[in-house]
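Printed here is run_11.cif (mmCIF, C-alpha atoms):
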```cif
data_model
#
loop_
_atom_site.label_atom_id
_atom_site.label_comp_id
_atom_site.auth_asym_id
_atom_site.auth_seq_id
_atom_site.Cartn_x
_atom_site.Cartn_y
_atom_site.Cartn_z
CA MET A 30 23.19 -38.99 61.02
CA ASN A 31 19.84 -38.00 59.68
CA LEU A 32 18.45 -37.20 63.11
CA SER A 33 21.49 -35.19 64.11
CA PHE A 34 21.39 -33.25 60.83
CA SER A 35 17.73 -32.43 61.18
CA ARG A 36 18.21 -31.12 64.72
CA VAL A 37 20.98 -28.83 63.62
CA SER A 38 19.39 -27.69 60.33
CA ARG A 39 15.98 -26.62 61.70
CA PRO A 40 17.24 -23.74 63.87
CA THR A 41 19.61 -22.80 61.10
CA SER A 42 16.74 -22.74 58.62
CA ARG A 43 14.64 -20.62 60.97
CA TRP A 44 17.48 -18.13 61.37
CA ALA A 45 18.01 -18.02 57.61
CA ALA A 46 14.31 -17.34 57.14
CA VAL A 47 14.41 -14.51 59.68
CA VAL A 48 17.46 -12.97 58.02
CA ALA A 49 15.84 -13.29 54.59
CA GLY A 50 12.65 -11.66 55.89
CA VAL A 51 14.54 -8.73 57.41
CA THR A 52 16.55 -8.29 54.21
CA THR A 53 13.43 -8.36 52.05
CA ALA A 54 11.69 -5.82 54.29
CA ALA A 55 14.72 -3.53 54.12
CA LEU A 56 14.83 -3.77 50.36
CA LEU A 57 11.12 -3.00 50.09
CA ALA A 58 11.47 -0.03 52.42
CA GLY A 59 14.41 1.25 50.41
CA SER A 60 12.46 0.87 47.20
CA ALA A 61 9.53 2.78 48.68
CA GLN A 62 11.83 5.59 49.74
CA ALA A 63 13.38 5.67 46.28
CA VAL A 64 9.97 5.94 44.65
CA ALA A 65 8.93 8.64 47.10
CA GLY A 66 12.11 10.57 46.34
CA HIS A 67 11.58 10.33 42.56
CA ARG A 68 7.92 10.97 42.02
CA PRO A 69 6.72 11.17 38.41
CA TRP A 70 6.76 14.66 36.90
CA ALA A 71 3.31 16.22 37.07
CA LYS A 72 3.12 17.75 33.61
CA PRO A 73 1.64 21.22 33.20
CA THR A 74 -1.48 21.92 31.18
CA VAL A 75 -0.68 23.25 27.72
CA VAL A 76 -3.09 25.99 26.61
CA LEU A 77 -3.06 26.77 22.89
CA VAL A 78 -4.29 30.02 21.30
CA HIS A 79 -4.86 30.06 17.54
CA GLY A 80 -4.50 33.14 15.38
CA ALA A 81 -6.39 34.83 12.58
CA PHE A 82 -7.89 32.91 9.64
CA ALA A 83 -7.80 29.70 11.70
CA ASP A 84 -9.57 27.89 14.51
CA SER A 85 -8.59 25.46 17.27
CA SER A 86 -8.47 22.55 14.83
CA SER A 87 -5.28 24.08 13.39
CA TRP A 88 -3.57 22.66 16.49
CA ASN A 89 -4.84 19.08 15.94
CA GLY A 90 -1.48 17.58 14.95
CA VAL A 91 0.29 19.37 17.81
CA ILE A 92 -2.35 18.22 20.29
CA LYS A 93 -1.95 14.62 19.14
CA ASP A 94 1.80 14.73 19.85
CA LEU A 95 1.42 16.52 23.19
CA LYS A 96 -1.24 14.11 24.44
CA ARG A 97 0.89 11.15 23.37
CA ASP A 98 3.56 12.59 25.67
CA GLY A 99 1.10 12.85 28.54
CA TYR A 100 0.27 16.55 28.53
CA PRO A 101 -3.22 17.80 29.38
CA VAL A 102 -4.19 20.20 26.57
CA VAL A 103 -6.79 22.95 26.17
CA ALA A 104 -7.19 24.73 22.82
CA ALA A 105 -8.91 28.06 23.40
CA ALA A 106 -11.40 29.35 20.82
CA ASN A 107 -9.93 32.80 20.17
CA PRO A 108 -12.85 35.13 19.30
CA LEU A 109 -10.78 37.29 16.86
CA ARG A 110 -12.95 40.33 17.58
CA GLY A 111 -10.61 42.69 19.43
CA LEU A 112 -7.24 42.39 21.15
CA HIS A 113 -8.41 43.37 24.62
CA SER A 114 -11.70 41.47 24.54
CA ASP A 115 -9.97 38.41 23.06
CA ALA A 116 -7.35 38.59 25.82
CA ALA A 117 -10.05 38.83 28.48
CA TYR A 118 -11.65 35.69 27.08
CA VAL A 119 -8.35 33.77 26.99
CA ARG A 120 -7.61 34.93 30.54
CA SER A 121 -10.91 33.35 31.63
CA VAL A 122 -9.75 30.09 30.03
CA LEU A 123 -6.45 30.32 31.92
CA ASP A 124 -8.30 30.98 35.17
CA SER A 125 -10.28 27.76 34.68
CA VAL A 126 -7.11 25.64 34.58
CA LYS A 127 -5.70 24.32 37.85
CA GLY A 128 -1.95 24.17 38.33
CA PRO A 129 0.98 25.26 36.14
CA ILE A 130 0.39 26.25 32.51
CA VAL A 131 2.53 26.44 29.41
CA LEU A 132 0.85 28.89 27.04
CA ALA A 133 1.46 28.76 23.29
CA GLY A 134 0.13 31.15 20.67
CA HIS A 135 0.22 31.11 16.88
CA SER A 136 0.27 34.31 14.83
CA TYR A 137 -2.17 36.88 16.29
CA GLY A 138 -2.65 34.40 19.14
CA GLY A 139 0.75 35.55 20.41
CA SER A 140 -0.51 39.12 20.74
CA VAL A 141 -3.51 37.85 22.66
CA MET A 142 -1.56 35.60 25.03
CA SER A 143 0.97 38.36 25.76
CA GLU A 144 -1.92 40.47 27.01
CA ALA A 145 -3.85 37.65 28.69
CA ALA A 146 -1.03 36.04 30.69
CA ASP A 147 0.36 39.22 32.26
CA GLY A 148 0.37 38.81 36.03
CA ASP A 149 -0.82 35.17 35.94
CA LYS A 150 1.53 33.28 38.25
CA ASP A 151 0.33 29.90 36.95
CA VAL A 152 1.71 30.59 33.47
CA LYS A 153 5.29 29.33 33.57
CA ALA A 154 6.29 29.65 29.92
CA LEU A 155 5.18 31.44 26.76
CA VAL A 156 5.77 29.75 23.39
CA TYR A 157 5.44 31.98 20.33
CA ILE A 158 4.77 29.96 17.17
CA ALA A 159 5.23 32.07 14.00
CA SER A 160 3.79 34.74 16.18
CA PHE A 161 3.63 38.28 17.53
CA ALA A 162 4.97 39.56 20.85
CA PRO A 163 4.01 43.26 20.92
CA ASP A 164 5.38 45.79 23.35
CA THR A 165 3.13 48.32 25.07
CA GLY A 166 1.68 50.68 22.47
CA GLU A 167 2.41 48.39 19.50
CA SER A 168 -0.24 46.78 17.31
CA THR A 169 -0.16 43.45 15.51
CA SER A 170 -0.56 45.15 12.13
CA ALA A 171 2.37 47.52 12.77
CA LEU A 172 4.68 44.64 13.71
CA ALA A 173 3.64 42.69 10.61
CA ALA A 174 4.72 45.64 8.47
CA LYS A 175 7.88 46.49 10.42
CA PHE A 176 10.15 44.55 8.04
CA PRO A 177 9.80 43.79 4.32
CA GLY A 178 8.72 40.42 3.02
CA GLY A 179 5.09 40.14 4.11
CA GLU A 180 2.60 39.44 1.33
CA LEU A 181 -0.58 38.98 3.33
CA GLY A 182 -2.01 42.51 2.96
CA PRO A 183 -2.77 42.44 -0.78
CA ALA A 184 -4.30 38.96 -0.40
CA LEU A 185 -6.94 40.12 2.08
CA GLN A 186 -10.62 40.61 1.36
CA ASN A 187 -12.54 43.22 3.39
CA VAL A 188 -16.11 42.38 4.39
CA PRO A 189 -18.26 45.00 6.20
CA VAL A 190 -19.93 43.60 9.34
CA SER A 191 -21.95 44.77 12.29
CA ILE A 192 -20.14 44.01 15.53
CA PRO A 193 -22.34 43.69 18.65
CA GLY A 194 -21.56 46.54 21.03
CA ALA A 195 -19.15 48.17 18.59
CA GLY A 196 -21.25 49.08 15.57
CA ALA A 197 -19.91 48.86 12.04
CA GLY A 198 -16.64 47.08 11.46
CA THR A 199 -14.62 45.14 8.91
CA ASP A 200 -13.89 41.44 8.82
CA LEU A 201 -10.74 40.32 7.05
CA TYR A 202 -10.49 37.08 5.09
CA ILE A 203 -7.68 35.71 2.95
CA LYS A 204 -8.89 35.38 -0.64
CA GLN A 205 -9.36 31.69 -1.18
CA ASP A 206 -7.29 31.60 -4.37
CA GLN A 207 -4.39 33.22 -2.45
CA PHE A 208 -4.70 31.25 0.78
CA ARG A 209 -2.22 28.48 0.11
CA ARG A 210 0.46 30.76 -1.38
CA VAL A 211 0.60 33.33 1.43
CA PHE A 212 -0.48 31.23 4.42
CA ALA A 213 0.21 27.52 3.98
CA ALA A 214 2.49 26.84 1.01
CA ASP A 215 3.94 23.65 2.56
CA VAL A 216 0.55 22.09 3.32
CA PRO A 217 -1.03 19.74 0.72
CA ARG A 218 -3.46 21.52 -1.58
CA HIS A 219 -6.44 19.33 -0.71
CA GLU A 220 -5.98 20.39 2.91
CA THR A 221 -5.43 24.09 2.22
CA ASP A 222 -8.61 24.13 0.12
CA LEU A 223 -10.52 23.08 3.24
CA MET A 224 -8.61 25.54 5.43
CA ALA A 225 -9.41 28.39 3.05
CA ALA A 226 -13.11 27.56 2.96
CA THR A 227 -13.41 27.22 6.75
CA GLN A 228 -11.15 30.13 7.76
CA ARG A 229 -12.38 32.36 10.56
CA PRO A 230 -12.10 36.10 9.88
CA ILE A 231 -10.52 38.65 12.17
CA THR A 232 -11.65 42.25 12.51
CA SER A 233 -9.30 44.93 11.26
CA ALA A 234 -9.78 46.63 14.64
CA ALA A 235 -8.27 43.61 16.43
CA LEU A 236 -5.10 43.87 14.37
CA ASP A 237 -4.89 47.64 14.93
CA GLU A 238 -5.51 47.63 18.71
CA THR A 239 -2.39 48.41 20.69
CA ALA A 240 -1.02 46.26 23.48
CA THR A 241 -1.31 47.42 27.07
CA LYS A 242 0.33 44.41 28.75
CA THR A 243 3.50 42.45 28.04
CA ALA A 244 3.67 39.05 29.72
CA TRP A 245 6.94 38.25 27.92
CA LYS A 246 8.74 40.78 30.11
CA SER A 247 8.15 38.67 33.22
CA ILE A 248 7.62 35.11 31.90
CA ARG A 249 10.27 33.01 30.13
CA SER A 250 9.60 32.61 26.44
CA TRP A 251 10.42 30.46 23.42
CA PHE A 252 10.02 31.53 19.77
CA LEU A 253 9.63 29.41 16.64
CA VAL A 254 10.65 31.49 13.60
CA THR A 255 9.25 30.27 10.27
CA LYS A 256 11.72 31.21 7.55
CA GLN A 257 9.34 30.69 4.60
CA ASP A 258 6.60 32.81 6.16
CA LEU A 259 4.80 35.28 3.87
CA ALA A 260 2.35 36.44 6.54
CA ILE A 261 4.89 37.58 9.14
CA PRO A 262 8.40 38.31 7.83
CA ALA A 263 11.03 36.20 9.56
CA ASP A 264 12.95 39.37 10.43
CA SER A 265 9.91 40.68 12.33
CA MET A 266 9.86 37.47 14.37
CA ARG A 267 13.60 37.63 14.99
CA PHE A 268 13.24 41.22 16.18
CA MET A 269 10.50 40.32 18.67
CA ALA A 270 12.29 37.17 19.86
CA LYS A 271 15.52 39.03 20.50
CA ARG A 272 13.72 41.79 22.36
CA ALA A 273 11.92 39.25 24.56
CA LYS A 274 15.18 37.33 25.12
CA SER A 275 13.40 34.23 23.91
CA ARG A 276 15.04 30.89 23.28
CA THR A 277 14.71 30.87 19.47
CA VAL A 278 14.45 28.02 16.98
CA GLU A 279 14.21 28.57 13.21
CA ILE A 280 12.50 26.22 10.78
CA ASN A 281 11.93 26.11 7.02
CA ALA A 282 8.16 26.29 7.11
CA SER A 283 5.23 28.45 6.06
CA HIS A 284 3.05 30.46 8.40
CA ALA A 285 0.80 27.42 8.89
CA VAL A 286 3.56 25.58 10.76
CA THR A 287 1.16 24.10 13.31
CA VAL A 288 -0.35 22.13 10.41
CA SER A 289 2.75 21.43 8.31
CA GLU A 290 5.25 20.73 11.13
CA PRO A 291 3.26 19.75 14.23
CA LYS A 292 6.07 17.67 15.75
CA ALA A 293 8.51 20.59 15.67
CA VAL A 294 5.90 22.76 17.37
CA ALA A 295 5.12 20.11 20.00
CA ASP A 296 8.83 19.55 20.64
CA LEU A 297 9.40 23.24 21.38
CA ILE A 298 6.41 23.33 23.74
CA ASP A 299 7.76 20.23 25.48
CA GLU A 300 11.17 21.89 25.83
CA ALA A 301 9.58 24.95 27.41
CA ALA A 302 7.56 22.79 29.79
CA ARG A 303 10.58 20.77 30.93
CA ALA A 304 12.66 23.92 31.44
CA THR A 305 10.10 25.71 33.60
CA THR A 306 7.96 23.18 35.47
CA ARG A 307 10.10 20.18 36.47
#
```

Would you put the structure from the file into structure tokens?
Amino acid sequence: MNLSFSRVSRPTSRWAAVVAGVTTAALLAGSAQAVAGHRPWAKPTVVLVHGAFADSSSWNGVIKDLKRDGYPVVAAANPLRGLHSDAAYVRSVLDSVKGPIVLAGHSYGGSVMSEAADGDKDVKALVYIASFAPDTGESTSALAAKFPGGELGPALQNVPVSIPGAGAGTDLYIKQDQFRRVFAADVPRHETDLMAATQRPITSAALDETATKTAWKSIRSWFLVTKQDLAIPADSMRFMAKRAKSRTVEINASHAVTVSEPKAVADLIDEAARATTR
């Protein structure tokens, strides 16, 4: 019995092994095809452009969230010297990035990115964060004053400066004792004290320069409207967002929303990236 069983079972075992091997190979091949057909999403680079009275560190909380989600991030150092020269600088930053880009701008940074991204086929989405989206011939300062509710003007301090290549000019700062109230009312005071002391000024000429390019007319856009904003009236933002046909989200936040609500900002950038680059 044992001998007979062994003679019968060996060929059977070999055949079972062959069948198992073929099945395993087929499963592995199928798995490889499935992986090849569902490659991981190559996330775009997010380029961030800060506005007046701030620097790239104002994006730190947003950057932390974006990088946690796997996005490459570049925060451009906006010169704040003049709309067209600032846009030329930001365009050079965009040109240094390989592959698709989602471009986000805060405040005056929106004016700059609207000018800088025009005609750049790598920029797939524009995200305006408590920002400006001027049309041709419009200035940032005019849009800020288009609707009532802004309180930034009286809080500004004018400082005469000499601007290389442009002669005499005026730098604008927010008076430190007014900074938290008009710019960052929902940020803890110990933090706004530091922000006020380290603020970067913008020239009055930069705010008064008129736009010559309008990237939002050809690139899909998103707009975060800050309803407690005393620097840009919410109605001004709503007007620009509607004109640009932007996907609009409203939030109860101050102008310094990148500091006070970084997750909300990062979430909107992520939404724009998923909608335009997947």

Residue members of the PyMOL selection byres ((chain A and resi 274-290) around 7) in the file shown, as a list in words: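 Written out, the selection comes to Ser87, Trp88, Gly90, Val91, Ala159, Phe212, Ala213, Ala214, Asp215, Val216, Ser250, Trp251, Phe252, Leu253, Val254, Thr255, Lys256, Gln257, Asp258, Leu259, Ala260, Ala270, Lys271, Arg272, Ala273, Pro291, Lys292, Ala293 and Val294 of chain A.
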
Exercise: residues within 8 Å of coordinate (-6.1, 41.5, 2.9), counting all atoms listed in the file, as a list in words: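 Residues satisfying the cut-off, written out: Leu181, Gly182, Pro183, Ala184, Leu185, Gln186, Asn187, Leu201, Tyr202, Ile203 and Lys204 of chain A.
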
Near-region 144-146 of chain A list (9 Å; all atoms listed in the file; drop same-chain fewer than 2 positions) as a tab-separated table (two decimals) with C-alpha atoms, keeping the file's coordinate frame:
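Output below, filename around21.tsv:
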```tsv
chain	number	residue	atom	x	y	z
A	112	LEU	CA	-7.24	42.39	21.15
A	113	HIS	CA	-8.41	43.37	24.62
A	115	ASP	CA	-9.97	38.41	23.06
A	116	ALA	CA	-7.35	38.59	25.82
A	117	ALA	CA	-10.05	38.83	28.48
A	118	TYR	CA	-11.65	35.69	27.08
A	119	VAL	CA	-8.35	33.77	26.99
A	120	ARG	CA	-7.61	34.93	30.54
A	121	SER	CA	-10.91	33.35	31.63
A	123	LEU	CA	-6.45	30.32	31.92
A	132	LEU	CA	0.85	28.89	27.04
A	139	GLY	CA	0.75	35.55	20.41
A	140	SER	CA	-0.51	39.12	20.74
A	141	VAL	CA	-3.51	37.85	22.66
A	142	MET	CA	-1.56	35.60	25.03
A	148	GLY	CA	0.37	38.81	36.03
A	149	ASP	CA	-0.82	35.17	35.94
A	150	LYS	CA	1.53	33.28	38.25
A	151	ASP	CA	0.33	29.90	36.95
A	152	VAL	CA	1.71	30.59	33.47
A	155	LEU	CA	5.18	31.44	26.76
A	163	PRO	CA	4.01	43.26	20.92
A	240	ALA	CA	-1.02	46.26	23.48
A	241	THR	CA	-1.31	47.42	27.07
A	242	LYS	CA	0.33	44.41	28.75
A	243	THR	CA	3.50	42.45	28.04
A	244	ALA	CA	3.67	39.05	29.72
A	245	TRP	CA	6.94	38.25	27.92
A	248	ILE	CA	7.62	35.11	31.90
```

Answer as a list in words, residues within 7 Å of (4.5, 37.5, 18.6) using all atoms listed in the file: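 The residues near that point, listed by chain and number, are Ser136, Gly139, Ser140, Tyr157, Ser160, Phe161, Ala162, Pro163, Met266 and Met269 of chain A.
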
CA of Ile130 (chain A) to CA of Ala302 (chain A), distance in Å rounded to a single decimal: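 Taking CA of Ile130 (chain A) and CA of Ala302 (chain A), their separation equals 8.4 Å.
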
Best match for closeness to Ala197 (chain A) among A:Arg249, A:Ser125, A:Leu95, A:Ser233, counting only C-alpha atoms: A:Ser233

Gap from CA of Thr305 (chain A) to CA of Ser143 (chain A) - Å, one decimal: 17.5 Å

Given all atoms listed in the file as the counted atoms, nearest of A:Val102, A:Ala174, A:Ala154, A:Ile261 to Arg303 (chain A): A:Ala154

A:Ile231, A:Gly179, A:Leu223, A:Tyr100 ranked by distance to His79 (chain A), top pick (using all atoms listed in the file):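 Closest to His79 (chain A) of all the choices is A:Ile231.
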
Best match for closeness to Ala171 (chain A) among A:Asp98, A:Asp237, A:Asp206, A:Glu300, counting all atoms listed in the file: A:Asp237

Interatomic distance, CA of Ala235 (chain A) to CA of Asp84 (chain A) (Å, one decimal): 15.9 Å

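For the choices A:Ala195, A:Ala295, A:Ala133, A:Ala301, the atom-to-atom distance to Lys96 (chain A) is smallest for A:Ala295 when using only C-alpha atoms.
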
May I ask you to restore N, CA and C atoms in region 76-94 of chain A and write the result as a PDB file, keeping the file's coordinate frame?
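Full text of result_20.pdb as output:
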```pdb
ATOM      1  N   VAL A  76      -1.969  25.236  27.170  1.00  0.00           N
ATOM      2  CA  VAL A  76      -3.090  25.990  26.610  1.00  0.00           C
ATOM      3  C   VAL A  76      -2.628  26.588  25.288  1.00  0.00           C
ATOM      4  N   LEU A  77      -3.407  26.356  24.242  1.00  0.00           N
ATOM      5  CA  LEU A  77      -3.060  26.770  22.890  1.00  0.00           C
ATOM      6  C   LEU A  77      -4.020  27.862  22.409  1.00  0.00           C
ATOM      7  N   VAL A  78      -3.472  28.899  21.782  1.00  0.00           N
ATOM      8  CA  VAL A  78      -4.290  30.020  21.300  1.00  0.00           C
ATOM      9  C   VAL A  78      -4.023  30.187  19.800  1.00  0.00           C
ATOM     10  N   HIS A  79      -5.026  29.934  18.990  1.00  0.00           N
ATOM     11  CA  HIS A  79      -4.860  30.060  17.540  1.00  0.00           C
ATOM     12  C   HIS A  79      -4.907  31.531  17.121  1.00  0.00           C
ATOM     13  N   GLY A  80      -4.520  31.776  15.885  1.00  0.00           N
ATOM     14  CA  GLY A  80      -4.500  33.140  15.380  1.00  0.00           C
ATOM     15  C   GLY A  80      -5.603  33.399  14.371  1.00  0.00           C
ATOM     16  N   ALA A  81      -5.401  34.441  13.579  1.00  0.00           N
ATOM     17  CA  ALA A  81      -6.390  34.830  12.580  1.00  0.00           C
ATOM     18  C   ALA A  81      -6.463  33.811  11.444  1.00  0.00           C
ATOM     19  N   PHE A  82      -7.638  33.758  10.811  1.00  0.00           N
ATOM     20  CA  PHE A  82      -7.890  32.910   9.640  1.00  0.00           C
ATOM     21  C   PHE A  82      -7.791  31.425   9.973  1.00  0.00           C
ATOM     22  N   ALA A  83      -7.913  31.091  11.254  1.00  0.00           N
ATOM     23  CA  ALA A  83      -7.800  29.700  11.700  1.00  0.00           C
ATOM     24  C   ALA A  83      -8.763  29.462  12.853  1.00  0.00           C
ATOM     25  N   ASP A  84      -8.815  28.223  13.311  1.00  0.00           N
ATOM     26  CA  ASP A  84      -9.570  27.890  14.510  1.00  0.00           C
ATOM     27  C   ASP A  84      -8.766  26.871  15.314  1.00  0.00           C
ATOM     28  N   SER A  85      -9.344  26.354  16.383  1.00  0.00           N
ATOM     29  CA  SER A  85      -8.590  25.460  17.270  1.00  0.00           C
ATOM     30  C   SER A  85      -8.158  24.167  16.588  1.00  0.00           C
ATOM     31  N   SER A  86      -8.854  23.783  15.514  1.00  0.00           N
ATOM     32  CA  SER A  86      -8.470  22.550  14.830  1.00  0.00           C
ATOM     33  C   SER A  86      -7.103  22.675  14.144  1.00  0.00           C
ATOM     34  N   SER A  87      -6.614  23.902  13.980  1.00  0.00           N
ATOM     35  CA  SER A  87      -5.280  24.080  13.390  1.00  0.00           C
ATOM     36  C   SER A  87      -4.188  23.505  14.283  1.00  0.00           C
ATOM     37  N   TRP A  88      -4.512  23.246  15.546  1.00  0.00           N
ATOM     38  CA  TRP A  88      -3.570  22.660  16.490  1.00  0.00           C
ATOM     39  C   TRP A  88      -3.673  21.126  16.552  1.00  0.00           C
ATOM     40  N   ASN A  89      -4.537  20.510  15.756  1.00  0.00           N
ATOM     41  CA  ASN A  89      -4.840  19.080  15.940  1.00  0.00           C
ATOM     42  C   ASN A  89      -3.598  18.192  15.942  1.00  0.00           C
ATOM     43  N   GLY A  90      -2.687  18.402  14.994  1.00  0.00           N
ATOM     44  CA  GLY A  90      -1.480  17.580  14.950  1.00  0.00           C
ATOM     45  C   GLY A  90      -0.594  17.790  16.158  1.00  0.00           C
ATOM     46  N   VAL A  91      -0.503  19.039  16.616  1.00  0.00           N
ATOM     47  CA  VAL A  91       0.290  19.370  17.810  1.00  0.00           C
ATOM     48  C   VAL A  91      -0.333  18.721  19.042  1.00  0.00           C
ATOM     49  N   ILE A  92      -1.645  18.811  19.147  1.00  0.00           N
ATOM     50  CA  ILE A  92      -2.350  18.220  20.290  1.00  0.00           C
ATOM     51  C   ILE A  92      -2.119  16.710  20.346  1.00  0.00           C
ATOM     52  N   LYS A  93      -2.167  16.074  19.193  1.00  0.00           N
ATOM     53  CA  LYS A  93      -1.950  14.620  19.140  1.00  0.00           C
ATOM     54  C   LYS A  93      -0.591  14.257  19.722  1.00  0.00           C
ATOM     55  N   ASP A  94       0.455  15.007  19.336  1.00  0.00           N
ATOM     56  CA  ASP A  94       1.800  14.730  19.850  1.00  0.00           C
ATOM     57  C   ASP A  94       1.908  15.026  21.338  1.00  0.00           C
TER      58      ASP A  94
END
```
